[in-house]
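Peer 1: Below is one structure. I have some questions about it.
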Amino acid sequence: MEQRNGNDTSGTGKRICVVGASGKLGRYMVRHALERGYEVVGVCRAKSVDKLAEFAGRITVIPGQTNDREIIARAVKGCDAVLTVLVPWGMQNYSSGTAQAVLDFAEPGARLVFSCGWHITRDGQDVYGWKLRLLETVMRKTAKLIRFVDLNDQVEACRRIFASDTAWTVVRGSDLEEGESQGLPVWSRHVGDPVLASNITRRVDYALFMVEAATDDDLIQEAPAIVGRLTPSALAHAGRR
Ligand SMILES: NC(=O)c1ccc[n+]([C@@H]2O[C@H](COP(=O)([O-])OP(=O)(O)OC[C@H]3O[C@@H](n4cnc5c(N)ncnc54)[C@H](OP(=O)(O)O)[C@@H]3O)[C@@H](O)[C@H]2O)c1
């Protein structure tokens, strides 16, 4: 995958849908997509439409819950790519409902790029250190207890995506931080690979990876785990995947 340059017009003449456009990650994705010349359709909850004010007149906004099948069917129509923020909010199968709607209604052959965390595993070959395992167990239990976040539903969403024969990519994010772009993150197939050890990515670059993935054929049916390209582990191990 090439490092991005300021004249990238890879999106010209193409339509891209960002499902979950109003969040921090979503807004960065919208910005990157517009910079590449894509026509952008954004889906976000009605109460969050104002968070997209900076893009007024430049994108089409479809307000609604992202797991609303009718909303998704409308939003992904005619799209060459669909970028989805898989949010494990609430206990109403929000992530899996969103993923299923995208899988069902996206155009045949469209590139489908989903975001999630390192805790998702595709083949069971990921190796998690004790800190990550402990954090995930505590989060999973506490979150389910207060019925706020359902990590298991994000797992179910990804299970459905992995089983699908669409042109999907599941991007697995490390811990995130704000800050200036370091460029396109590096990736590896398995958590536990030395290149990922720093476990941190700038949010703006996570979004960059999501948008770039929409045109990178090497990432079709891959679940890259990513890390910032200027982190110590990436600098020490990049290129040795
Ligand atoms: N945060 C991390 O450290 C981290 C690490 C690895 C991977 N990720 C992945 O990154 C993606 C999200 O990125 P983020 O953490 O930076 O957050 P974010 O971009 O700010 O996104 C939060 C999303 O959750 C939605 N949301 C908030 N409350 C909701 C509710 N009650 N019901 C439905 N939707 C709700 C927001 O929509 P509104 O704008 O409508 O509120 C927004 O789309 C996820 O796929 C996550 O798995 C995050």
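FYI, nothing fancy with the structure tokens labels: chains A, B, ... in order, residues from 1 per chain, ligands from 1 as they appear.
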Just asking: which residues within stretch 4-73 of chain A are helix (DSSP H, G or I) according to DSSP, as a ChimeraX atom specification?

Peer 2: /A:24-35,46-55,69-73

Peer 1: Take the residues that were just selected and, keeping N, CA and C atoms, output them as a PDB file, in the first residue's frame.

Peer 2:
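What follows is the written file out10.pdb:
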```pdb
ATOM      1  N   LYS A  24     -15.711  10.366  16.276  1.00  0.00           N
ATOM      2  CA  LYS A  24     -14.368  10.910  16.011  1.00  0.00           C
ATOM      3  C   LYS A  24     -13.739  10.200  14.818  1.00  0.00           C
ATOM      4  N   LEU A  25     -13.813   8.891  14.831  1.00  0.00           N
ATOM      5  CA  LEU A  25     -13.250   8.116  13.729  1.00  0.00           C
ATOM      6  C   LEU A  25     -13.995   8.422  12.427  1.00  0.00           C
ATOM      7  N   GLY A  26     -15.318   8.468  12.511  1.00  0.00           N
ATOM      8  CA  GLY A  26     -16.140   8.708  11.328  1.00  0.00           C
ATOM      9  C   GLY A  26     -15.810  10.035  10.664  1.00  0.00           C
ATOM     10  N   ARG A  27     -15.648  11.073  11.460  1.00  0.00           N
ATOM     11  CA  ARG A  27     -15.377  12.391  10.863  1.00  0.00           C
ATOM     12  C   ARG A  27     -14.001  12.427  10.189  1.00  0.00           C
ATOM     13  N   TYR A  28     -13.037  11.768  10.818  1.00  0.00           N
ATOM     14  CA  TYR A  28     -11.730  11.682  10.134  1.00  0.00           C
ATOM     15  C   TYR A  28     -11.874  10.928   8.812  1.00  0.00           C
ATOM     16  N   MET A  29     -12.690   9.881   8.798  1.00  0.00           N
ATOM     17  CA  MET A  29     -12.850   9.109   7.555  1.00  0.00           C
ATOM     18  C   MET A  29     -13.505   9.972   6.474  1.00  0.00           C
ATOM     19  N   VAL A  30     -14.507  10.753   6.873  1.00  0.00           N
ATOM     20  CA  VAL A  30     -15.180  11.636   5.900  1.00  0.00           C
ATOM     21  C   VAL A  30     -14.156  12.610   5.302  1.00  0.00           C
ATOM     22  N   ARG A  31     -13.316  13.185   6.174  1.00  0.00           N
ATOM     23  CA  ARG A  31     -12.306  14.139   5.678  1.00  0.00           C
ATOM     24  C   ARG A  31     -11.363  13.481   4.670  1.00  0.00           C
ATOM     25  N   HIS A  32     -10.849  12.304   5.028  1.00  0.00           N
ATOM     26  CA  HIS A  32      -9.917  11.617   4.105  1.00  0.00           C
ATOM     27  C   HIS A  32     -10.616  11.287   2.784  1.00  0.00           C
ATOM     28  N   ALA A  33     -11.868  10.862   2.875  1.00  0.00           N
ATOM     29  CA  ALA A  33     -12.594  10.470   1.655  1.00  0.00           C
ATOM     30  C   ALA A  33     -12.821  11.688   0.751  1.00  0.00           C
ATOM     31  N   LEU A  34     -13.203  12.821   1.348  1.00  0.00           N
ATOM     32  CA  LEU A  34     -13.409  14.035   0.547  1.00  0.00           C
ATOM     33  C   LEU A  34     -12.099  14.468  -0.111  1.00  0.00           C
ATOM     34  N   GLU A  35     -11.003  14.377   0.643  1.00  0.00           N
ATOM     35  CA  GLU A  35      -9.693  14.757   0.084  1.00  0.00           C
ATOM     36  C   GLU A  35      -9.338  13.928  -1.150  1.00  0.00           C
ATOM     37  N   ALA A  46     -29.892  10.613  14.344  1.00  0.00           N
ATOM     38  CA  ALA A  46     -30.492  11.917  14.078  1.00  0.00           C
ATOM     39  C   ALA A  46     -29.957  12.972  15.044  1.00  0.00           C
ATOM     40  N   LYS A  47     -29.776  12.590  16.317  1.00  0.00           N
ATOM     41  CA  LYS A  47     -29.332  13.565  17.309  1.00  0.00           C
ATOM     42  C   LYS A  47     -27.880  14.012  17.091  1.00  0.00           C
ATOM     43  N   SER A  48     -27.164  13.342  16.202  1.00  0.00           N
ATOM     44  CA  SER A  48     -25.743  13.665  15.997  1.00  0.00           C
ATOM     45  C   SER A  48     -25.455  14.383  14.684  1.00  0.00           C
ATOM     46  N   VAL A  49     -26.513  14.687  13.924  1.00  0.00           N
ATOM     47  CA  VAL A  49     -26.306  15.300  12.601  1.00  0.00           C
ATOM     48  C   VAL A  49     -25.490  16.597  12.703  1.00  0.00           C
ATOM     49  N   ASP A  50     -25.707  17.367  13.759  1.00  0.00           N
ATOM     50  CA  ASP A  50     -24.988  18.642  13.916  1.00  0.00           C
ATOM     51  C   ASP A  50     -23.477  18.452  13.983  1.00  0.00           C
ATOM     52  N   LYS A  51     -23.055  17.262  14.417  1.00  0.00           N
ATOM     53  CA  LYS A  51     -21.613  17.017  14.525  1.00  0.00           C
ATOM     54  C   LYS A  51     -20.956  16.967  13.142  1.00  0.00           C
ATOM     55  N   LEU A  52     -21.803  16.930  12.089  1.00  0.00           N
ATOM     56  CA  LEU A  52     -21.269  16.888  10.722  1.00  0.00           C
ATOM     57  C   LEU A  52     -21.382  18.256  10.031  1.00  0.00           C
ATOM     58  N   ALA A  53     -21.651  19.298  10.829  1.00  0.00           N
ATOM     59  CA  ALA A  53     -21.896  20.636  10.259  1.00  0.00           C
ATOM     60  C   ALA A  53     -20.736  21.113   9.396  1.00  0.00           C
ATOM     61  N   GLU A  54     -19.515  20.770   9.765  1.00  0.00           N
ATOM     62  CA  GLU A  54     -18.351  21.249   8.994  1.00  0.00           C
ATOM     63  C   GLU A  54     -18.367  20.747   7.540  1.00  0.00           C
ATOM     64  N   PHE A  55     -19.156  19.686   7.279  1.00  0.00           N
ATOM     65  CA  PHE A  55     -19.198  19.126   5.916  1.00  0.00           C
ATOM     66  C   PHE A  55     -20.459  19.545   5.154  1.00  0.00           C
ATOM     67  N   ARG A  69     -32.287  -1.326   8.993  1.00  0.00           N
ATOM     68  CA  ARG A  69     -32.031  -1.926   7.680  1.00  0.00           C
ATOM     69  C   ARG A  69     -32.479  -1.023   6.530  1.00  0.00           C
ATOM     70  N   GLU A  70     -33.585  -0.321   6.737  1.00  0.00           N
ATOM     71  CA  GLU A  70     -34.081   0.565   5.676  1.00  0.00           C
ATOM     72  C   GLU A  70     -33.108   1.727   5.426  1.00  0.00           C
ATOM     73  N   ILE A  71     -32.589   2.262   6.527  1.00  0.00           N
ATOM     74  CA  ILE A  71     -31.626   3.376   6.441  1.00  0.00           C
ATOM     75  C   ILE A  71     -30.376   2.915   5.698  1.00  0.00           C
ATOM     76  N   ILE A  72     -29.858   1.762   6.079  1.00  0.00           N
ATOM     77  CA  ILE A  72     -28.621   1.263   5.449  1.00  0.00           C
ATOM     78  C   ILE A  72     -28.864   0.957   3.971  1.00  0.00           C
ATOM     79  N   ALA A  73     -30.010   0.356   3.662  1.00  0.00           N
ATOM     80  CA  ALA A  73     -30.307   0.027   2.263  1.00  0.00           C
ATOM     81  C   ALA A  73     -30.256   1.295   1.404  1.00  0.00           C
TER      82      ALA A  73
END
```

Peer 1: I'd like the neighbourhood of A:Leu184 as an MDAnalysis selection string, where a residue qualifies if any of its atoms comes within 10 Å (using only C-alpha atoms), though same-chain residues fewer than 3 positions away should be ignored.

Peer 2: chainID A and resid 1:4 181 187 201:202 204:210 212 226:230

Peer 1: Based on the selection just made, write C-alpha atoms of those residues as a tab-separated table (two decimals), in the first residue's frame.

Peer 2:
```
chain	number	residue	atom	x	y	z
A	1	MET	CA	0.00	0.00	0.00
A	2	GLU	CA	1.44	3.37	-1.00
A	3	GLN	CA	2.05	6.23	1.39
A	4	ARG	CA	-0.60	8.83	0.79
A	181	SER	CA	-0.80	12.09	11.39
A	187	TRP	CA	-0.31	-3.95	9.99
A	201	THR	CA	-2.26	4.42	16.73
A	202	ARG	CA	-3.27	8.02	16.03
A	204	VAL	CA	-6.52	10.19	12.27
A	205	ASP	CA	-4.31	7.41	10.90
A	206	TYR	CA	-6.75	4.66	11.83
A	207	ALA	CA	-9.25	6.52	9.65
A	208	LEU	CA	-6.62	6.84	6.92
A	209	PHE	CA	-6.12	3.07	6.94
A	210	MET	CA	-9.89	2.51	6.70
A	212	GLU	CA	-7.02	3.34	1.96
A	226	ILE	CA	-2.73	-2.04	12.93
A	227	VAL	CA	-0.25	0.13	14.82
A	228	GLY	CA	1.13	3.65	14.25
A	229	ARG	CA	3.92	3.66	11.69
A	230	LEU	CA	6.26	5.80	13.84
```

Peer 1: Write out as a CSV table (one decimal) with N, CA and C atoms, in the first residue's frame which residues come within 10 Å of A:Ala106 when counting only C-alpha atoms, dropping same-chain ones fewer than 3 positions away.

Peer 2:
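Ended up saving to result.csv:
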```csv
chain,number,residue,atom,x,y,z
A,17,CYS,N,-19.7,5.3,1.4
A,17,CYS,CA,-20.6,5.5,2.5
A,17,CYS,C,-19.9,5.3,3.8
A,72,ILE,N,-29.9,1.8,6.1
A,72,ILE,CA,-28.6,1.3,5.4
A,72,ILE,C,-28.9,1.0,4.0
A,73,ALA,N,-30.0,0.4,3.7
A,73,ALA,CA,-30.3,0.0,2.3
A,73,ALA,C,-30.3,1.3,1.4
A,74,ARG,N,-30.8,2.4,1.9
A,74,ARG,CA,-30.8,3.6,1.2
A,74,ARG,C,-29.4,4.2,1.1
A,75,ALA,N,-28.7,4.1,2.2
A,75,ALA,CA,-27.3,4.8,2.2
A,75,ALA,C,-26.3,4.1,1.3
A,76,VAL,N,-26.4,2.8,1.2
A,76,VAL,CA,-25.3,2.1,0.5
A,76,VAL,C,-25.6,2.0,-1.0
A,77,LYS,N,-26.8,2.4,-1.4
A,77,LYS,CA,-27.2,2.2,-2.8
A,77,LYS,C,-26.2,3.0,-3.7
A,78,GLY,N,-25.6,2.3,-4.7
A,78,GLY,CA,-24.7,2.9,-5.6
A,78,GLY,C,-23.3,3.2,-5.1
A,79,CYS,N,-23.0,2.7,-3.9
A,79,CYS,CA,-21.7,2.9,-3.3
A,79,CYS,C,-20.6,1.9,-3.8
A,80,ASP,N,-19.5,2.4,-4.1
A,80,ASP,CA,-18.3,1.5,-4.4
A,80,ASP,C,-17.7,0.9,-3.2
A,81,ALA,N,-17.9,1.6,-2.1
A,81,ALA,CA,-17.2,1.2,-0.8
A,81,ALA,C,-18.1,1.7,0.4
A,82,VAL,N,-18.1,0.8,1.4
A,82,VAL,CA,-18.8,1.2,2.6
A,82,VAL,C,-17.9,1.0,3.8
A,101,ALA,N,-26.9,-5.6,8.0
A,101,ALA,CA,-27.5,-4.7,7.0
A,101,ALA,C,-26.6,-4.3,5.9
A,102,VAL,N,-25.3,-4.0,6.3
A,102,VAL,CA,-24.4,-3.6,5.3
A,102,VAL,C,-24.1,-4.8,4.4
A,103,LEU,N,-23.9,-6.0,5.0
A,103,LEU,CA,-23.6,-7.2,4.1
A,103,LEU,C,-24.8,-7.5,3.2
A,109,GLY,N,-20.0,-6.7,-5.1
A,109,GLY,CA,-18.6,-6.3,-5.5
A,109,GLY,C,-18.1,-5.0,-4.7
A,110,ALA,N,-19.0,-4.4,-4.0
A,110,ALA,CA,-18.5,-3.2,-3.2
A,110,ALA,C,-17.5,-3.6,-2.2
A,111,ARG,N,-16.6,-2.7,-1.9
A,111,ARG,CA,-15.6,-3.0,-0.8
A,111,ARG,C,-16.2,-2.6,0.5
A,112,LEU,N,-16.2,-3.5,1.5
A,112,LEU,CA,-16.8,-3.3,2.8
A,112,LEU,C,-15.7,-3.3,3.8
A,166,THR,N,-18.4,-11.6,0.6
A,166,THR,CA,-18.3,-10.2,0.0
A,166,THR,C,-16.8,-9.8,0.1
```

Peer 1: How many Å separate atom CA of A:Ala157 from atom CA of A:Pro88?

Peer 2: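 So the two atoms, atom CA of A:Ala157 and atom CA of A:Pro88, lie 9.5 Å apart.
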
Peer 1: Considering only C-alpha atoms, return as JSON, numbers by chain whatever protein or nucleic-acid residues lie within 8 Å of A:Phe162, sequence-local ones (same chain, fewer than 4 positions apart) excluded.

Peer 2: {"A": [122, 158, 168, 221]}

Peer 1: Can I get the residues of chain A within 8 Å of ligand 1, each with the closest pair of atoms and their distance in Å to one decimal, using only C-alpha atoms and all ligand atoms, sorted chain first then ascending number, as a Markdown table?

Peer 2:
```
| residue | atom | partner | partner_atom_place_in_ligand_line | distance |
| --- | --- | --- | --- | --- |
| A:Val19 | CA | ligand 1 | 43 (O) | 7.7 |
| A:Gly20 | CA | ligand 1 | 43 (O) | 4.0 |
| A:Ala21 | CA | ligand 1 | 43 (O) | 6.0 |
| A:Ser22 | CA | ligand 1 | 39 (O) | 4.1 |
| A:Gly23 | CA | ligand 1 | 42 (C) | 3.7 |
| A:Lys24 | CA | ligand 1 | 19 (O) | 3.6 |
| A:Leu25 | CA | ligand 1 | 19 (O) | 3.6 |
| A:Gly26 | CA | ligand 1 | 19 (O) | 5.5 |
| A:Arg27 | CA | ligand 1 | 19 (O) | 7.6 |
| A:Cys44 | CA | ligand 1 | 40 (O) | 5.4 |
| A:Arg45 | CA | ligand 1 | 40 (O) | 4.5 |
| A:Ala46 | CA | ligand 1 | 40 (O) | 7.4 |
| A:Lys47 | CA | ligand 1 | 40 (O) | 6.6 |
| A:Ser48 | CA | ligand 1 | 40 (O) | 4.6 |
| A:Val49 | CA | ligand 1 | 40 (O) | 7.7 |
| A:Lys51 | CA | ligand 1 | 39 (O) | 7.1 |
| A:Gln65 | CA | ligand 1 | 33 (C) | 7.1 |
| A:Thr66 | CA | ligand 1 | 33 (C) | 7.7 |
| A:Thr84 | CA | ligand 1 | 45 (O) | 7.6 |
| A:Val85 | CA | ligand 1 | 45 (O) | 4.4 |
| A:Leu86 | CA | ligand 1 | 45 (O) | 4.1 |
| A:Val87 | CA | ligand 1 | 44 (C) | 5.0 |
| A:Pro88 | CA | ligand 1 | 47 (O) | 7.1 |
| A:Trp89 | CA | ligand 1 | 32 (N) | 5.1 |
| A:Gly90 | CA | ligand 1 | 31 (N) | 6.2 |
| A:Tyr94 | CA | ligand 1 | 33 (C) | 7.1 |
| A:Phe114 | CA | ligand 1 | 45 (O) | 7.3 |
| A:Ser115 | CA | ligand 1 | 45 (O) | 4.2 |
| A:Cys116 | CA | ligand 1 | 47 (O) | 3.5 |
| A:Gly117 | CA | ligand 1 | 7 (C) | 3.8 |
| A:Trp118 | CA | ligand 1 | 6 (C) | 6.5 |
| A:Phe148 | CA | ligand 1 | 31 (N) | 7.8 |
| A:Gln154 | CA | ligand 1 | 47 (O) | 7.8 |
| A:Arg172 | CA | ligand 1 | 7 (C) | 6.2 |
| A:Gly173 | CA | ligand 1 | 6 (C) | 3.9 |
| A:Ser174 | CA | ligand 1 | 6 (C) | 4.8 |
| A:Asp175 | CA | ligand 1 | 3 (O) | 4.3 |
| A:Leu176 | CA | ligand 1 | 3 (O) | 4.5 |
| A:Glu177 | CA | ligand 1 | 3 (O) | 7.4 |
| A:Arg203 | CA | ligand 1 | 16 (O) | 6.6 |
```

Peer 1: Find the residues around A:Gly192 up to 8 Å (only C-alpha atoms counted), leave out those fewer than 5 positions away in its own chain, and share them as JSON, numbers by chain.

Peer 2: {"A": [126, 127, 128, 129, 197]}

Peer 1: Separation of atom CA of A:Val138 and atom CA of A:Gly124, in Å?

Peer 2: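 Computing the Euclidean distance for atom CA of A:Val138 and atom CA of A:Gly124 yields 20.4 Å.
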
Peer 1: Please report the interatomic distance between atom CA of A:Gln92 and atom CA of A:Glu222 in Å with one decimal.

Peer 2: 27.3 Å

Peer 1: Near A:Gly37, within 9 Å and counting only C-alpha atoms, which residues show up once chain neighbours fewer than 3 positions away are dropped, as JSON, numbers by chain?

Peer 2: {"A": [8, 9, 10, 11, 12, 13, 14, 32, 33, 34, 40]}

Peer 1: The selected residues should be written to file as an mmCIF file, in the first residue's frame (atoms: C-alpha atoms).

Peer 2:
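Saved file again37.cif follows:
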```
data_model
loop_
_atom_site.group_PDB
_atom_site.id
_atom_site.type_symbol
_atom_site.label_atom_id
_atom_site.label_comp_id
_atom_site.auth_asym_id
_atom_site.auth_seq_id
_atom_site.Cartn_x
_atom_site.Cartn_y
_atom_site.Cartn_z
ATOM 1 C CA ASP A 8 -4.488 11.403 -4.290
ATOM 2 C CA THR A 9 -7.567 11.338 -6.507
ATOM 3 C CA SER A 10 -8.336 7.643 -6.054
ATOM 4 C CA GLY A 11 -11.925 8.454 -5.089
ATOM 5 C CA THR A 12 -12.835 10.580 -8.095
ATOM 6 C CA GLY A 13 -16.018 9.326 -9.713
ATOM 7 C CA LYS A 14 -16.695 6.929 -6.822
ATOM 8 C CA HIS A 32 -9.917 11.617 4.105
ATOM 9 C CA ALA A 33 -12.594 10.470 1.655
ATOM 10 C CA LEU A 34 -13.409 14.035 0.547
ATOM 11 C CA VAL A 40 -19.589 10.827 0.459
#
```

Peer 1: For the structure I just gave you, how does DSSP split stretch 49-219 of chain A - specifically, which residues are strand (DSSP E or B)? Reply as an MDAnalysis selection string.

Peer 2: chainID A and resid 59:63 81:85 89 111:117 149 167:173 175:177 186:188 200:202

Peer 1: Take the residues that were just selected and, keeping N, CA and C atoms, output them as an mmCIF file, in the first residue's frame.

Peer 2:
```
data_model
loop_
_atom_site.group_PDB
_atom_site.id
_atom_site.type_symbol
_atom_site.label_atom_id
_atom_site.label_comp_id
_atom_site.auth_asym_id
_atom_site.auth_seq_id
_atom_site.Cartn_x
_atom_site.Cartn_y
_atom_site.Cartn_z
ATOM 1 N N ILE A 59 -21.398 16.688 1.732
ATOM 2 C CA ILE A 59 -21.733 15.264 1.847
ATOM 3 C C ILE A 59 -23.247 15.122 1.977
ATOM 4 N N THR A 60 -23.746 13.940 1.680
ATOM 5 C CA THR A 60 -25.164 13.645 1.914
ATOM 6 C C THR A 60 -25.268 12.950 3.255
ATOM 7 N N VAL A 61 -26.126 13.466 4.139
ATOM 8 C CA VAL A 61 -26.274 12.845 5.455
ATOM 9 C C VAL A 61 -27.619 12.123 5.518
ATOM 10 N N ILE A 62 -27.583 10.867 5.935
ATOM 11 C CA ILE A 62 -28.824 10.108 6.140
ATOM 12 C C ILE A 62 -28.941 9.835 7.633
ATOM 13 N N PRO A 63 -29.865 10.527 8.299
ATOM 14 C CA PRO A 63 -29.981 10.350 9.752
ATOM 15 C C PRO A 63 -30.719 9.062 10.100
ATOM 16 N N ALA A 81 -17.854 1.642 -2.059
ATOM 17 C CA ALA A 81 -17.246 1.195 -0.799
ATOM 18 C C ALA A 81 -18.105 1.653 0.375
ATOM 19 N N VAL A 82 -18.115 0.844 1.418
ATOM 20 C CA VAL A 82 -18.843 1.188 2.649
ATOM 21 C C VAL A 82 -17.881 1.014 3.821
ATOM 22 N N LEU A 83 -17.664 2.099 4.565
ATOM 23 C CA LEU A 83 -16.784 2.059 5.746
ATOM 24 C C LEU A 83 -17.675 2.085 6.977
ATOM 25 N N THR A 84 -17.532 1.115 7.859
ATOM 26 C CA THR A 84 -18.467 1.005 8.982
ATOM 27 C C THR A 84 -17.746 1.040 10.319
ATOM 28 N N VAL A 85 -18.195 1.958 11.192
ATOM 29 C CA VAL A 85 -17.710 1.969 12.573
ATOM 30 C C VAL A 85 -18.567 0.954 13.326
ATOM 31 N N TRP A 89 -22.304 -0.495 21.228
ATOM 32 C CA TRP A 89 -23.150 0.203 22.199
ATOM 33 C C TRP A 89 -24.433 -0.554 22.503
ATOM 34 N N ARG A 111 -16.555 -2.691 -1.896
ATOM 35 C CA ARG A 111 -15.584 -2.956 -0.835
ATOM 36 C C ARG A 111 -16.202 -2.581 0.508
ATOM 37 N N LEU A 112 -16.165 -3.489 1.459
ATOM 38 C CA LEU A 112 -16.777 -3.278 2.775
ATOM 39 C C LEU A 112 -15.680 -3.291 3.836
ATOM 40 N N VAL A 113 -15.486 -2.164 4.502
ATOM 41 C CA VAL A 113 -14.401 -2.057 5.473
ATOM 42 C C VAL A 113 -15.010 -1.772 6.849
ATOM 43 N N PHE A 114 -14.746 -2.656 7.800
ATOM 44 C CA PHE A 114 -15.341 -2.545 9.138
ATOM 45 C C PHE A 114 -14.237 -2.263 10.161
ATOM 46 N N SER A 115 -14.581 -1.466 11.197
ATOM 47 C CA SER A 115 -13.607 -1.184 12.253
ATOM 48 C C SER A 115 -13.959 -1.963 13.515
ATOM 49 N N CYS A 116 -12.935 -2.421 14.202
ATOM 50 C CA CYS A 116 -13.157 -3.032 15.528
ATOM 51 C C CYS A 116 -11.843 -2.970 16.294
ATOM 52 N N GLY A 117 -11.764 -3.679 17.397
ATOM 53 C CA GLY A 117 -10.549 -3.638 18.210
ATOM 54 C C GLY A 117 -9.726 -4.921 18.071
ATOM 55 N N VAL A 149 -22.287 -1.411 26.948
ATOM 56 C CA VAL A 149 -21.469 -1.820 25.816
ATOM 57 C C VAL A 149 -21.508 -3.333 25.750
ATOM 58 N N ALA A 167 -16.485 -8.616 -0.501
ATOM 59 C CA ALA A 167 -15.105 -8.103 -0.506
ATOM 60 C C ALA A 167 -14.866 -7.298 0.775
ATOM 61 N N TRP A 168 -14.838 -7.984 1.921
ATOM 62 C CA TRP A 168 -14.723 -7.308 3.210
ATOM 63 C C TRP A 168 -13.273 -7.157 3.656
ATOM 64 N N THR A 169 -13.066 -6.180 4.545
ATOM 65 C CA THR A 169 -11.814 -6.050 5.298
ATOM 66 C C THR A 169 -12.221 -5.653 6.713
ATOM 67 N N VAL A 170 -11.702 -6.337 7.709
ATOM 68 C CA VAL A 170 -11.979 -5.962 9.101
ATOM 69 C C VAL A 170 -10.697 -5.362 9.667
ATOM 70 N N VAL A 171 -10.733 -4.059 9.948
ATOM 71 C CA VAL A 171 -9.540 -3.384 10.457
ATOM 72 C C VAL A 171 -9.585 -3.393 11.984
ATOM 73 N N ARG A 172 -8.557 -3.971 12.595
ATOM 74 C CA ARG A 172 -8.537 -4.128 14.055
ATOM 75 C C ARG A 172 -7.588 -3.085 14.649
ATOM 76 N N GLY A 173 -8.188 -2.136 15.371
ATOM 77 C CA GLY A 173 -7.420 -1.011 15.905
ATOM 78 C C GLY A 173 -6.773 -1.326 17.245
ATOM 79 N N ASP A 175 -4.930 0.507 20.801
ATOM 80 C CA ASP A 175 -5.352 1.683 21.565
ATOM 81 C C ASP A 175 -5.180 2.899 20.652
ATOM 82 N N LEU A 176 -6.014 3.916 20.888
ATOM 83 C CA LEU A 176 -5.985 5.086 20.005
ATOM 84 C C LEU A 176 -5.594 6.332 20.779
ATOM 85 N N GLU A 177 -5.013 7.299 20.055
ATOM 86 C CA GLU A 177 -4.709 8.596 20.658
ATOM 87 C C GLU A 177 -4.929 9.667 19.602
ATOM 88 N N VAL A 186 1.115 0.591 10.039
ATOM 89 C CA VAL A 186 1.570 -0.707 9.542
ATOM 90 C C VAL A 186 0.648 -1.769 10.128
ATOM 91 N N TRP A 187 0.625 -2.938 9.518
ATOM 92 C CA TRP A 187 -0.310 -3.952 9.986
ATOM 93 C C TRP A 187 0.319 -5.338 9.998
ATOM 94 N N SER A 188 -0.363 -6.201 10.728
ATOM 95 C CA SER A 188 0.071 -7.584 10.794
ATOM 96 C C SER A 188 -1.164 -8.454 10.936
ATOM 97 N N ILE A 200 -0.356 1.376 19.917
ATOM 98 C CA ILE A 200 -0.952 2.717 19.881
ATOM 99 C C ILE A 200 -0.984 3.221 18.423
ATOM 100 N N THR A 201 -2.101 3.860 18.081
ATOM 101 C CA THR A 201 -2.262 4.423 16.730
ATOM 102 C C THR A 201 -2.959 5.768 16.863
ATOM 103 N N ARG A 202 -2.537 6.751 16.081
ATOM 104 C CA ARG A 202 -3.268 8.021 16.031
ATOM 105 C C ARG A 202 -4.621 7.757 15.362
#
```

Peer 1: Please list as a list of chain:residue names every residue within 10 Å of A:Asp123, counting only C-alpha atoms and excluding residues in the same chain fewer than 4 positions away.

Peer 2: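 The residues that qualify are A:Phe162, A:Arg189, A:His190, A:Ala223.
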